[in-house]
>>> print(open('final-v4.txt').read())   # compact mmCIF, C-alpha atoms and all ligand atoms
# COMPACT_ATOMS: atom_id res chain seq x y z
CA MET A 1 -15.50 21.17 69.09
CA ASP A 2 -17.12 18.00 70.48
CA VAL A 3 -16.98 14.74 68.56
CA ASN A 4 -20.50 14.95 67.22
CA GLU A 5 -19.78 18.37 65.83
CA LYS A 6 -16.55 17.14 64.30
CA ILE A 7 -18.39 14.30 62.61
CA LYS A 8 -20.98 16.73 61.27
CA HIS A 9 -18.24 18.97 60.07
CA ILE A 10 -16.46 16.15 58.22
CA GLU A 11 -19.73 15.08 56.63
CA GLN A 12 -20.26 18.60 55.36
CA GLN A 13 -16.74 18.78 54.04
CA ILE A 14 -17.21 15.52 52.20
CA GLU A 15 -20.51 16.71 50.73
CA SER A 16 -18.98 19.89 49.43
CA ALA A 17 -15.81 18.21 48.11
CA VAL A 18 -17.90 15.69 46.27
CA ALA A 19 -20.23 18.32 44.84
CA ASP A 20 -17.68 19.57 42.36
CA VAL A 21 -15.67 16.46 41.68
CA LYS A 22 -15.37 15.94 37.93
CA SER A 23 -12.99 13.04 37.40
CA SER A 24 -12.14 9.76 39.05
CA LYS A 25 -8.63 11.14 39.51
CA SER A 26 -9.75 14.02 41.72
CA LEU A 27 -12.11 11.65 43.52
CA GLN A 28 -9.03 9.61 44.39
CA GLU A 29 -7.58 12.66 46.12
CA ILE A 30 -10.76 13.09 48.18
CA LYS A 31 -10.57 9.43 49.17
CA MET A 32 -7.04 9.92 50.42
CA ARG A 33 -7.99 13.06 52.26
CA PHE A 34 -10.77 11.42 54.28
CA LEU A 35 -10.15 7.69 54.21
CA GLY A 36 -6.36 7.51 53.84
CA LYS A 37 -4.10 6.28 56.66
CA THR A 38 -3.42 9.81 57.77
CA GLY A 39 -6.81 11.01 56.57
CA GLU A 40 -9.31 12.93 58.66
CA ILE A 41 -11.45 9.96 59.71
CA SER A 42 -8.39 7.89 60.68
CA SER A 43 -7.01 10.67 62.83
CA LEU A 44 -10.35 10.98 64.62
CA MET A 45 -10.16 7.26 65.31
CA LYS A 46 -6.65 7.64 66.67
CA ASN A 47 -7.97 10.23 69.11
CA MET A 48 -10.13 7.51 70.74
CA ARG A 49 -7.25 6.98 73.16
CA ASP A 50 -8.01 10.33 74.78
CA VAL A 51 -11.67 9.49 75.26
CA PRO A 52 -12.85 8.06 78.60
CA PRO A 53 -13.27 4.25 78.28
CA GLU A 54 -17.02 4.22 78.91
CA GLN A 55 -17.60 6.55 75.97
CA ARG A 56 -15.45 4.57 73.58
CA PRO A 57 -18.03 1.96 72.36
CA SER A 58 -20.63 4.53 71.35
CA LEU A 59 -18.04 6.80 69.80
CA GLY A 60 -16.55 3.81 67.97
CA LYS A 61 -19.97 3.09 66.49
CA LEU A 62 -20.39 6.66 65.32
CA LEU A 63 -16.97 6.74 63.70
CA ASN A 64 -17.47 3.37 62.02
CA ALA A 65 -20.79 4.57 60.69
CA LEU A 66 -19.10 7.71 59.38
CA ARG A 67 -16.37 5.65 57.68
CA GLN A 68 -18.94 3.31 56.12
CA TRP A 69 -21.09 6.20 54.92
CA THR A 70 -18.05 7.87 53.37
CA GLU A 71 -16.83 4.72 51.69
CA GLU A 72 -20.20 3.97 50.15
CA LYS A 73 -20.67 7.50 48.96
CA LEU A 74 -17.27 7.72 47.36
CA ASP A 75 -17.42 4.22 45.85
CA ASN A 76 -20.78 4.93 44.24
CA LEU A 77 -19.53 8.16 42.89
CA GLU A 78 -16.42 6.48 41.56
CA SER A 79 -18.25 3.83 39.58
CA GLY A 80 -20.54 6.53 38.13
CA LEU A 81 -17.55 8.63 37.09
CA LYS A 82 -15.69 5.66 35.64
CA GLU A 83 -18.66 4.75 33.52
CA ILE A 84 -18.90 8.30 32.18
CA GLU A 85 -15.18 8.39 31.49
CA LEU A 86 -15.25 5.09 29.65
CA LYS A 87 -18.14 6.23 27.49
CA ARG A 88 -16.27 9.42 26.65
CA LYS A 89 -13.14 7.43 25.77
CA TYR A 90 -15.09 5.13 23.48
CA ALA A 91 -16.73 8.10 21.82
CA GLU A 92 -13.34 9.71 21.19
CA GLU A 93 -11.86 6.52 19.79
CA LYS A 94 -14.75 5.74 17.53
CA ILE A 95 -13.60 5.16 13.94
CA ASP A 96 -15.85 6.20 11.14
CA VAL A 97 -15.22 3.49 8.59
CA THR A 98 -17.28 5.37 6.01
CA VAL A 99 -14.83 8.32 5.78
CA PRO A 100 -13.21 8.16 2.32
CA ALA A 101 -9.52 7.14 2.40
CA ARG A 102 -6.88 9.79 1.81
CA ASP A 103 -5.40 9.54 -1.65
CA PHE A 104 -1.67 8.85 -1.77
CA PRO A 105 -0.34 9.71 -5.22
CA ASP A 106 1.75 6.66 -6.11
CA GLY A 107 4.91 7.00 -8.15
CA ALA A 108 6.04 5.14 -11.23
CA TYR A 109 9.33 3.46 -12.05
CA HIS A 110 11.68 5.53 -14.16
CA PRO A 111 11.98 4.11 -17.71
CA ASN A 112 15.67 3.40 -17.03
CA THR A 113 14.73 1.37 -13.98
CA LEU A 114 12.04 -0.47 -15.93
CA ILE A 115 14.55 -1.45 -18.62
CA ARG A 116 17.26 -2.33 -16.15
CA ASN A 117 14.87 -4.55 -14.17
CA GLU A 118 13.68 -6.18 -17.36
CA LEU A 119 17.24 -6.85 -18.55
CA VAL A 120 18.27 -8.20 -15.17
CA SER A 121 15.32 -10.55 -15.11
CA ILE A 122 15.93 -11.76 -18.69
CA PHE A 123 19.62 -12.46 -18.06
CA ALA A 124 19.12 -13.80 -14.55
CA GLY A 125 16.78 -16.30 -16.18
CA MET A 126 19.74 -17.43 -18.29
CA GLY A 127 21.91 -17.88 -15.21
CA PHE A 128 23.82 -14.58 -15.13
CA GLU A 129 24.92 -13.18 -11.78
CA ILE A 130 25.04 -9.45 -11.02
CA PHE A 131 28.35 -7.71 -10.38
CA GLU A 132 28.51 -3.97 -9.69
CA GLY A 133 31.90 -2.33 -10.12
CA PRO A 134 33.00 1.10 -8.84
CA GLU A 135 32.13 4.32 -10.72
CA ILE A 136 35.52 5.82 -9.95
CA GLU A 137 38.07 3.62 -11.66
CA ASN A 138 41.77 3.32 -12.21
CA ASP A 139 43.01 3.99 -15.70
CA TYR A 140 44.16 0.36 -15.71
CA TYR A 141 40.69 -1.19 -15.35
CA ASN A 142 38.90 1.24 -17.64
CA PHE A 143 41.47 1.15 -20.44
CA THR A 144 44.83 -0.59 -20.15
CA ALA A 145 43.59 -3.99 -19.01
CA LEU A 146 40.94 -3.77 -21.73
CA ASN A 147 43.74 -3.75 -24.30
CA THR A 148 43.63 0.04 -24.60
CA PRO A 149 47.03 1.32 -23.45
CA LYS A 150 47.81 5.03 -23.08
CA ASP A 151 48.78 5.66 -26.72
CA HIS A 152 45.90 3.62 -28.15
CA PRO A 153 43.76 5.58 -30.66
CA ALA A 154 40.60 3.89 -29.32
CA ARG A 155 40.89 6.08 -26.22
CA ASP A 156 39.64 8.93 -28.37
CA MET A 157 36.33 7.08 -28.85
CA GLN A 158 35.44 7.98 -25.28
CA ASP A 159 35.90 11.50 -23.91
CA THR A 160 37.02 10.78 -20.42
CA PHE A 161 36.59 12.74 -17.19
CA TYR A 162 39.91 12.40 -15.39
CA LEU A 163 40.05 12.94 -11.62
CA ALA A 164 43.82 12.49 -11.39
CA GLU A 165 46.60 11.10 -13.53
CA ASP A 166 45.45 7.53 -12.99
CA LEU A 167 41.93 8.01 -11.66
CA LEU A 168 38.82 8.62 -13.76
CA LEU A 169 35.05 8.30 -13.89
CA ARG A 170 34.57 5.01 -15.71
CA THR A 171 33.54 5.49 -19.33
CA GLN A 172 32.27 1.92 -19.69
CA THR A 173 31.00 -0.88 -17.48
CA SER A 174 33.52 -3.06 -19.35
CA ALA A 175 35.95 -2.08 -16.56
CA GLY A 176 33.99 -4.50 -14.34
CA GLN A 177 34.93 -7.42 -16.63
CA ILE A 178 38.53 -7.13 -15.52
CA ARG A 179 37.62 -6.96 -11.84
CA VAL A 180 35.55 -10.11 -12.20
CA MET A 181 38.13 -12.06 -14.23
CA GLU A 182 40.93 -11.13 -11.83
CA ASN A 183 38.97 -12.55 -8.93
CA LYS A 184 37.06 -15.49 -10.34
CA LYS A 185 38.13 -18.42 -12.44
CA PRO A 186 35.87 -19.65 -15.26
CA PRO A 187 33.10 -20.56 -15.66
CA ILE A 188 32.11 -16.88 -15.46
CA LYS A 189 28.66 -15.54 -16.33
CA ILE A 190 28.09 -12.03 -15.06
CA LEU A 191 25.86 -9.10 -15.77
CA SER A 192 27.04 -5.67 -14.70
CA PRO A 193 24.66 -2.70 -14.73
CA GLY A 194 25.80 0.77 -13.77
CA LYS A 195 26.39 4.44 -14.47
CA VAL A 196 29.15 5.57 -16.82
CA TYR A 197 30.48 9.04 -17.64
CA ARG A 198 31.67 10.76 -20.81
CA SER A 199 32.16 14.37 -21.74
CA ASP A 200 29.38 14.28 -24.31
CA ASP A 201 26.07 16.14 -24.44
CA ASP A 202 23.37 16.31 -27.13
CA ALA A 203 19.90 14.89 -27.93
CA THR A 204 21.15 11.30 -27.77
CA HIS A 205 24.14 11.69 -25.43
CA SER A 206 24.45 12.69 -21.79
CA PRO A 207 27.59 13.14 -19.63
CA MET A 208 26.20 10.46 -17.34
CA PHE A 209 24.30 7.47 -18.62
CA SER A 210 23.82 3.80 -17.81
CA GLN A 211 25.15 0.65 -19.36
CA MET A 212 24.56 -3.05 -18.99
CA GLU A 213 27.57 -5.25 -19.49
CA GLY A 214 27.63 -9.00 -19.90
CA LEU A 215 30.52 -11.45 -19.79
CA VAL A 216 30.64 -15.21 -20.31
CA VAL A 217 33.91 -17.16 -20.09
CA ASP A 218 34.20 -20.93 -20.18
CA ARG A 219 35.65 -23.77 -22.22
CA GLY A 220 34.38 -23.85 -25.79
CA ILE A 221 32.42 -20.59 -25.86
CA THR A 222 31.95 -19.37 -29.45
CA LEU A 223 30.37 -16.52 -31.37
CA CYS A 224 27.39 -18.85 -31.96
CA ASP A 225 26.70 -18.83 -28.20
CA LEU A 226 26.70 -15.04 -28.30
CA LYS A 227 24.35 -14.96 -31.30
CA GLY A 228 21.95 -17.48 -29.71
CA MET A 229 21.82 -15.54 -26.47
CA LEU A 230 21.27 -12.23 -28.28
CA ASP A 231 18.38 -13.71 -30.30
CA GLU A 232 16.73 -14.75 -27.04
CA PHE A 233 17.34 -11.35 -25.47
CA ALA A 234 15.98 -9.43 -28.50
CA LYS A 235 12.77 -11.48 -28.58
CA LYS A 236 12.14 -11.00 -24.89
CA ILE A 237 12.74 -7.25 -24.85
CA PHE A 238 11.45 -6.10 -28.26
CA GLY A 239 8.99 -8.84 -29.30
CA GLU A 240 8.72 -12.43 -30.54
CA ASN A 241 9.31 -11.64 -34.22
CA VAL A 242 12.47 -9.60 -33.77
CA LYS A 243 15.69 -10.97 -35.29
CA THR A 244 19.31 -9.99 -34.70
CA ARG A 245 22.23 -9.54 -37.04
CA LEU A 246 25.91 -9.05 -36.39
CA ARG A 247 28.03 -6.52 -38.26
CA PRO A 248 31.83 -6.43 -38.05
CA SER A 249 33.10 -3.67 -35.81
CA TYR A 250 36.05 -2.81 -33.62
CA PHE A 251 36.57 -2.73 -29.86
CA PRO A 252 40.08 -3.18 -28.46
CA PHE A 253 38.96 -5.73 -25.88
CA THR A 254 37.10 -8.06 -28.25
CA GLU A 255 38.32 -9.94 -31.33
CA PRO A 256 36.35 -10.32 -33.46
CA SER A 257 34.10 -7.41 -32.47
CA VAL A 258 30.54 -6.95 -33.65
CA GLU A 259 27.83 -4.35 -33.67
CA VAL A 260 24.44 -5.94 -32.99
CA ASP A 261 21.32 -4.81 -34.83
CA VAL A 262 17.75 -5.92 -34.20
CA SER A 263 15.15 -6.01 -36.97
CA CYS A 264 12.91 -2.96 -36.63
CA PHE A 265 10.12 -3.84 -34.18
CA GLU A 266 8.10 -0.83 -35.38
CA CYS A 267 7.80 -1.72 -39.10
CA GLY A 268 8.87 -5.36 -39.00
CA GLY A 269 11.85 -4.60 -41.22
CA LYS A 270 10.12 -2.85 -44.13
CA GLY A 271 11.69 0.48 -43.29
CA CYS A 272 10.22 3.36 -41.28
CA ARG A 273 11.20 6.52 -39.42
CA LEU A 274 12.47 4.66 -36.36
CA CYS A 275 14.91 2.50 -38.36
CA LYS A 276 15.60 5.35 -40.80
CA GLY A 277 14.38 3.21 -43.68
CA THR A 278 16.96 0.48 -43.12
CA GLY A 279 14.80 -2.09 -41.35
CA TRP A 280 17.48 -2.52 -38.68
CA ILE A 281 18.30 -0.77 -35.41
CA GLU A 282 21.68 -0.85 -33.72
CA VAL A 283 21.36 -1.82 -30.06
CA LEU A 284 24.70 -2.94 -28.67
CA GLY A 285 28.37 -3.79 -29.06
CA ALA A 286 29.78 -7.24 -28.44
CA GLY A 287 32.47 -9.70 -29.40
CA MET A 288 34.73 -12.53 -28.35
CA VAL A 289 36.93 -11.51 -25.42
CA ASN A 290 40.37 -10.61 -26.82
CA ARG A 291 42.93 -13.23 -25.80
CA ARG A 292 45.23 -10.49 -24.57
CA VAL A 293 42.55 -9.43 -22.07
CA LEU A 294 42.09 -13.01 -20.81
CA GLU A 295 45.84 -13.43 -20.51
CA GLY A 296 46.19 -10.18 -18.57
CA CYS A 297 43.69 -11.51 -16.02
CA GLY A 298 45.53 -14.81 -15.63
CA ILE A 299 43.10 -16.85 -17.69
CA ASN A 300 44.65 -19.17 -20.29
CA PRO A 301 43.19 -18.18 -23.69
CA ASP A 302 44.09 -21.56 -25.16
CA GLU A 303 41.89 -23.23 -22.60
CA TYR A 304 39.10 -20.71 -22.22
CA THR A 305 37.21 -18.40 -24.53
CA GLY A 306 34.48 -15.91 -23.82
CA PHE A 307 32.10 -13.36 -25.21
CA ALA A 308 31.17 -9.95 -23.90
CA PHE A 309 28.50 -7.41 -24.70
CA GLY A 310 27.62 -3.91 -23.60
CA MET A 311 24.53 -1.81 -24.17
CA GLY A 312 23.26 1.63 -23.25
CA ILE A 313 20.20 1.39 -21.02
CA GLU A 314 18.89 4.85 -22.02
CA ARG A 315 19.23 3.87 -25.66
CA ILE A 316 17.17 0.71 -25.16
CA ALA A 317 14.58 2.72 -23.18
CA MET A 318 14.37 5.38 -25.91
CA LEU A 319 13.91 2.74 -28.61
CA LYS A 320 11.41 0.66 -26.71
CA TYR A 321 9.26 3.54 -25.48
CA GLY A 322 9.69 5.84 -28.47
CA ILE A 323 11.42 8.60 -26.49
CA ASN A 324 12.98 11.10 -28.90
CA ASN A 325 15.14 13.19 -26.58
CA MET A 326 17.48 11.81 -23.96
CA LYS A 327 16.99 14.92 -21.79
CA LEU A 328 13.55 13.61 -20.89
CA LEU A 329 15.23 10.77 -19.04
CA PHE A 330 17.18 13.13 -16.81
CA GLU A 331 14.83 16.03 -16.11
CA GLY A 332 12.52 14.19 -13.70
CA ASP A 333 9.41 15.89 -15.12
CA THR A 334 6.45 14.04 -13.61
CA ARG A 335 4.30 14.73 -16.70
CA PHE A 336 6.74 12.56 -18.61
CA LEU A 337 7.41 10.00 -15.90
CA LYS A 338 3.80 9.30 -14.99
CA GLN A 339 3.20 7.86 -18.45
CA PHE A 340 5.22 4.83 -17.35
CA LYS A 341 2.82 3.83 -14.60
CA ASP A 342 1.89 0.17 -14.95
N1 LIG A 401 32.25 -0.74 -23.74
C1 LIG A 401 31.73 -0.48 -25.05
C2 LIG A 401 31.28 0.98 -25.12
O1 LIG A 401 31.07 1.55 -24.11
C3 LIG A 401 30.56 -1.37 -25.35
C4 LIG A 401 30.97 -2.78 -25.51
C5 LIG A 401 31.33 -3.24 -26.74
C6 LIG A 401 31.04 -3.63 -24.45
C7 LIG A 401 31.73 -4.53 -26.94
C8 LIG A 401 31.45 -4.93 -24.61
C9 LIG A 401 31.79 -5.37 -25.88
O2 LIG A 401 31.51 -5.79 -23.60
O3 LIG A 401 32.16 -6.68 -26.05
O4 LIG A 401 31.17 1.51 -26.18
>>> encode(input="final-v4.txt", output="structure tokens", more="lines below")
Ligand code: DAH
Amino acid sequence: MDVNEKIKHIEQQIESAVADVKSSKSLQEIKMRFLGKTGEISSLMKNMRDVPPEQRPSLGKLLNALRQWTEEKLDNLESGLKEIELKRKYAEEKIDVTVPARDFPDGAYHPNTLIRNELVSIFAGMGFEIFEGPEIENDYYNFTALNTPKDHPARDMQDTFYLAEDLLLRTQTSAGQIRVMENKKPPIKILSPGKVYRSDDDATHSPMFSQMEGLVVDRGITLCDLKGMLDEFAKKIFGENVKTRLRPSYFPFTEPSVEVDVSCFECGGKGCRLCKGTGWIEVLGAGMVNRRVLEGCGINPDEYTGFAFGMGIERIAMLKYGINNMKLLFEGDTRFLKQFKD
């Protein structure tokens, strides 16, 4: 084939390659094939060496013209293709801001969580710090150190799940009091929320429930401090007009011990179904920390005194929200739970 024919041939090849090029990527391959270092036009140029010198200038012109023609053709095509591709990309990425948003059903806090958060914020506002003790406890922390040794009749008040001779699921968050007092010297002001376990199951009891414990130890703490703090707490959680009263009671780890009632926030104290006609509702147990408990933790009871209190979170939730069966708090039925959406 003579050079002119070769040039014609290459031109035809380029025309037909270009005819069905669809993307700038495949155009790139064509560029390499004809214009690349080892491409067809370059190898023709390399063959110039074999051409007689007098023919070289005219052949050089022809080949340069071919190269220029090819470059222009392919460059034009490339910018056309790029423009099309960009338009297509923009079209694909176009966001229709008028499409309605997908609806994410949002959850609600569980009533227990609502009450716990509320209690934490009330007591944190009074300067209490949070301490969370372990749910699996030694007999010592749950009972003995709380002035409830093995033969103490008060152990019968709480049906305990034992895991081993000395290991149990804590029956009360009071166990945390000991852990705090062993590790921290007064002044102590802690709040301890958490799960507790008892072998008990009916409309107002569950084998697992939650308590909130409080402990204050310092010089000169009296029952008046407890009463003042409880008044504040009752107003914040049940309403401005609610009052508290203390009734004598018994817990081994407090002396004196009290049961705390709030005036009925439903009827204002006149007597209704909620307060069973009495005008008062029992909400928690409390008392002055028994000096034997302080002593056992290495705190001098002649120098320091303290008060403690413990309440059931489910009980507070049931009272506050008018929930009549504790099971509702454990079943996770969304028809019940969604009523607590803010
Ligand atoms: N731990 C007691 C219970 O579970 C509640 C309680 C009563 C806690 C009196 C206290 C307290 O801190 O002083 O029944």
>>> residues_near_ligand(input="final-v4.txt", ligand="ligand LIG 401 (chain A)", cutoff="6 Å", atoms="only C-alpha atoms and all ligand atoms", output="PyMOL selection string")
chain A and resi 172+174+213+251+254+285-287+308-310
>>> residues_around(input="final-v4.txt", residues="Ile316 of chain A", least_positions_apart="5", cutoff="10 Å", atoms="only C-alpha atoms", output="PyMOL selection string")
chain A and resi 111-112+115-116+211+237-238+282-284+311+321-323
>>> closest_residue(input="final-v4.txt", among="A:Leu59, A:Ala108, A:Ile41, A:Ile130", to="Lys341 of chain A", atoms="only C-alpha atoms")
A:Ala108
>>> closest_residue(input="final-v4.txt", among="A:Gly176, A:Pro105, A:Gly60, A:Pro301", to="Lys46 of chain A", atoms="all atoms listed in the file")
A:Gly60
>>> closest_residue(input="final-v4.txt", among="A:Phe330, A:Phe34, A:Trp280, A:Phe336", to="Ser206 of chain A", atoms="all atoms listed in the file")
A:Phe330
>>> closest_residue(input="final-v4.txt", among="A:Ile178, A:Met45, A:Leu163, A:Ile313", to="Ala65 of chain A", atoms="all atoms listed in the file")
A:Met45
>>> atom_distance(input="final-v4.txt", atom1="atom CA of Gly306 of chain A", atom2="atom CA of Val289 of chain A")
5.3 Å
>>> residues_around(input="final-v4.txt", residues="Asn64 of chain A", least_positions_apart="3", cutoff="12 Å", atoms="all atoms listed in the file", output="list of chain:residue names")
A:Ile7, A:Leu35, A:Ile41, A:Ser42, A:Leu44, A:Met45, A:Arg56, A:Pro57, A:Ser58, A:Leu59, A:Gly60, A:Lys61, A:Arg67, A:Gln68, A:Trp69, A:Thr70, A:Glu71
>>> write_last_selection(input="final-v4.txt", atoms="C-alpha atoms", output="PDB file, keeping the file's coordinate frame")
ATOM      1  CA  ILE A   7     -18.390  14.300  62.610  1.00  0.00           C
ATOM      2  CA  LEU A  35     -10.150   7.690  54.210  1.00  0.00           C
ATOM      3  CA  ILE A  41     -11.450   9.960  59.710  1.00  0.00           C
ATOM      4  CA  SER A  42      -8.390   7.890  60.680  1.00  0.00           C
ATOM      5  CA  LEU A  44     -10.350  10.980  64.620  1.00  0.00           C
ATOM      6  CA  MET A  45     -10.160   7.260  65.310  1.00  0.00           C
ATOM      7  CA  ARG A  56     -15.450   4.570  73.580  1.00  0.00           C
ATOM      8  CA  PRO A  57     -18.030   1.960  72.360  1.00  0.00           C
ATOM      9  CA  SER A  58     -20.630   4.530  71.350  1.00  0.00           C
ATOM     10  CA  LEU A  59     -18.040   6.800  69.800  1.00  0.00           C
ATOM     11  CA  GLY A  60     -16.550   3.810  67.970  1.00  0.00           C
ATOM     12  CA  LYS A  61     -19.970   3.090  66.490  1.00  0.00           C
ATOM     13  CA  ARG A  67     -16.370   5.650  57.680  1.00  0.00           C
ATOM     14  CA  GLN A  68     -18.940   3.310  56.120  1.00  0.00           C
ATOM     15  CA  TRP A  69     -21.090   6.200  54.920  1.00  0.00           C
ATOM     16  CA  THR A  70     -18.050   7.870  53.370  1.00  0.00           C
ATOM     17  CA  GLU A  71     -16.830   4.720  51.690  1.00  0.00           C
TER      18      GLU A  71
END
>>> residues_around(input="final-v4.txt", residues="His110 of chain A", least_positions_apart="6", cutoff="12 Å", atoms="only C-alpha atoms", output="ChimeraX atom specification")
/A:116-117,313-314,317,321,328-334,336-342
>>> closest_residue(input="final-v4.txt", among="A:Leu319, A:Val3, A:Thr148, A:Phe143", to="Asp50 of chain A", atoms="all atoms listed in the file")
A:Val3
>>> atom_distance(input="final-v4.txt", atom1="atom CA of Met229 of chain A", atom2="atom CA of Pro248 of chain A")
17.8 Å
>>> closest_residue(input="final-v4.txt", among="A:Cys264, A:Leu169, A:Leu215, A:Ile188", to="Ile136 of chain A", atoms="all atoms listed in the file")
A:Leu169
>>> atom_distance(input="final-v4.txt", atom1="atom CA of Gln158 of chain A", atom2="atom CA of Thr171 of chain A")
6.7 Å
>>> residues_around(input="final-v4.txt", residues="segment 80-93 of chain A", least_positions_apart="4", cutoff="9 Å", atoms="only C-alpha atoms", output="ChimeraX atom specification")
/A:22-24,27,75-76
>>> write_last_selection(input="final-v4.txt", atoms="C-alpha atoms", output="PDB file, in the frame of the given file")
ATOM      1  CA  LYS A  22     -15.370  15.940  37.930  1.00  0.00           C
ATOM      2  CA  SER A  23     -12.990  13.040  37.400  1.00  0.00           C
ATOM      3  CA  SER A  24     -12.140   9.760  39.050  1.00  0.00           C
ATOM      4  CA  LEU A  27     -12.110  11.650  43.520  1.00  0.00           C
ATOM      5  CA  ASP A  75     -17.420   4.220  45.850  1.00  0.00           C
ATOM      6  CA  ASN A  76     -20.780   4.930  44.240  1.00  0.00           C
TER       7      ASN A  76
END
>>> axis_aligned_box(input="final-v4.txt", around="segment 199-202 of chain A", padding_each_side="4 Å", output="JSON")
{"center_x": 27.8, "center_y": 15.3, "center_z": -24.4, "size_x": 16.8, "size_y": 10.0, "size_z": 13.4}
>>> residues_around(input="final-v4.txt", residues="Lys236 of chain A", least_positions_apart="6", cutoff="10 Å", atoms="only C-alpha atoms", output="list in words")
Glu118, Leu119, Ile122, Leu230 and Val242 of chain A
>>> build_atoms(input="final-v4.txt", residues="segment 50-68 of chain A", atoms="N, CA and C atoms", output="CSV table (one decimal), in the coordinates of the input")
chain,number,residue,atom,x,y,z
A,50,ASP,N,-7.8,9.2,73.8
A,50,ASP,CA,-8.0,10.3,74.8
A,50,ASP,C,-9.4,10.4,75.3
A,51,VAL,N,-10.3,9.5,74.8
A,51,VAL,CA,-11.7,9.5,75.3
A,51,VAL,C,-11.8,8.5,76.5
A,52,PRO,N,-12.6,9.0,77.4
A,52,PRO,CA,-12.8,8.1,78.6
A,52,PRO,C,-13.4,6.7,78.1
A,53,PRO,N,-12.9,5.6,78.7
A,53,PRO,CA,-13.3,4.2,78.3
A,53,PRO,C,-14.8,4.0,78.1
A,54,GLU,N,-15.6,4.6,79.0
A,54,GLU,CA,-17.0,4.2,78.9
A,54,GLU,C,-17.7,4.9,77.7
A,55,GLN,N,-17.0,5.9,77.2
A,55,GLN,CA,-17.6,6.6,76.0
A,55,GLN,C,-17.1,5.9,74.7
A,56,ARG,N,-16.1,5.1,74.8
A,56,ARG,CA,-15.4,4.6,73.6
A,56,ARG,C,-16.4,3.8,72.7
A,57,PRO,N,-17.2,2.8,73.3
A,57,PRO,CA,-18.0,2.0,72.4
A,57,PRO,C,-19.0,2.8,71.5
A,58,SER,N,-19.6,3.8,72.1
A,58,SER,CA,-20.6,4.5,71.4
A,58,SER,C,-19.9,5.4,70.3
A,59,LEU,N,-18.8,6.0,70.7
A,59,LEU,CA,-18.0,6.8,69.8
A,59,LEU,C,-17.5,5.9,68.6
A,60,GLY,N,-17.0,4.7,69.0
A,60,GLY,CA,-16.6,3.8,68.0
A,60,GLY,C,-17.6,3.6,66.9
A,61,LYS,N,-18.9,3.3,67.4
A,61,LYS,CA,-20.0,3.1,66.5
A,61,LYS,C,-20.2,4.3,65.5
A,62,LEU,N,-20.2,5.4,66.1
A,62,LEU,CA,-20.4,6.7,65.3
A,62,LEU,C,-19.3,6.8,64.2
A,63,LEU,N,-18.1,6.6,64.7
A,63,LEU,CA,-17.0,6.7,63.7
A,63,LEU,C,-17.0,5.7,62.6
A,64,ASN,N,-17.3,4.4,63.0
A,64,ASN,CA,-17.5,3.4,62.0
A,64,ASN,C,-18.6,3.7,61.0
A,65,ALA,N,-19.7,4.2,61.6
A,65,ALA,CA,-20.8,4.6,60.7
A,65,ALA,C,-20.4,5.7,59.7
A,66,LEU,N,-19.6,6.6,60.2
A,66,LEU,CA,-19.1,7.7,59.4
A,66,LEU,C,-18.2,7.1,58.3
A,67,ARG,N,-17.3,6.3,58.6
A,67,ARG,CA,-16.4,5.6,57.7
A,67,ARG,C,-17.2,4.9,56.6
A,68,GLN,N,-18.2,4.1,57.1
A,68,GLN,CA,-18.9,3.3,56.1
A,68,GLN,C,-19.7,4.2,55.2
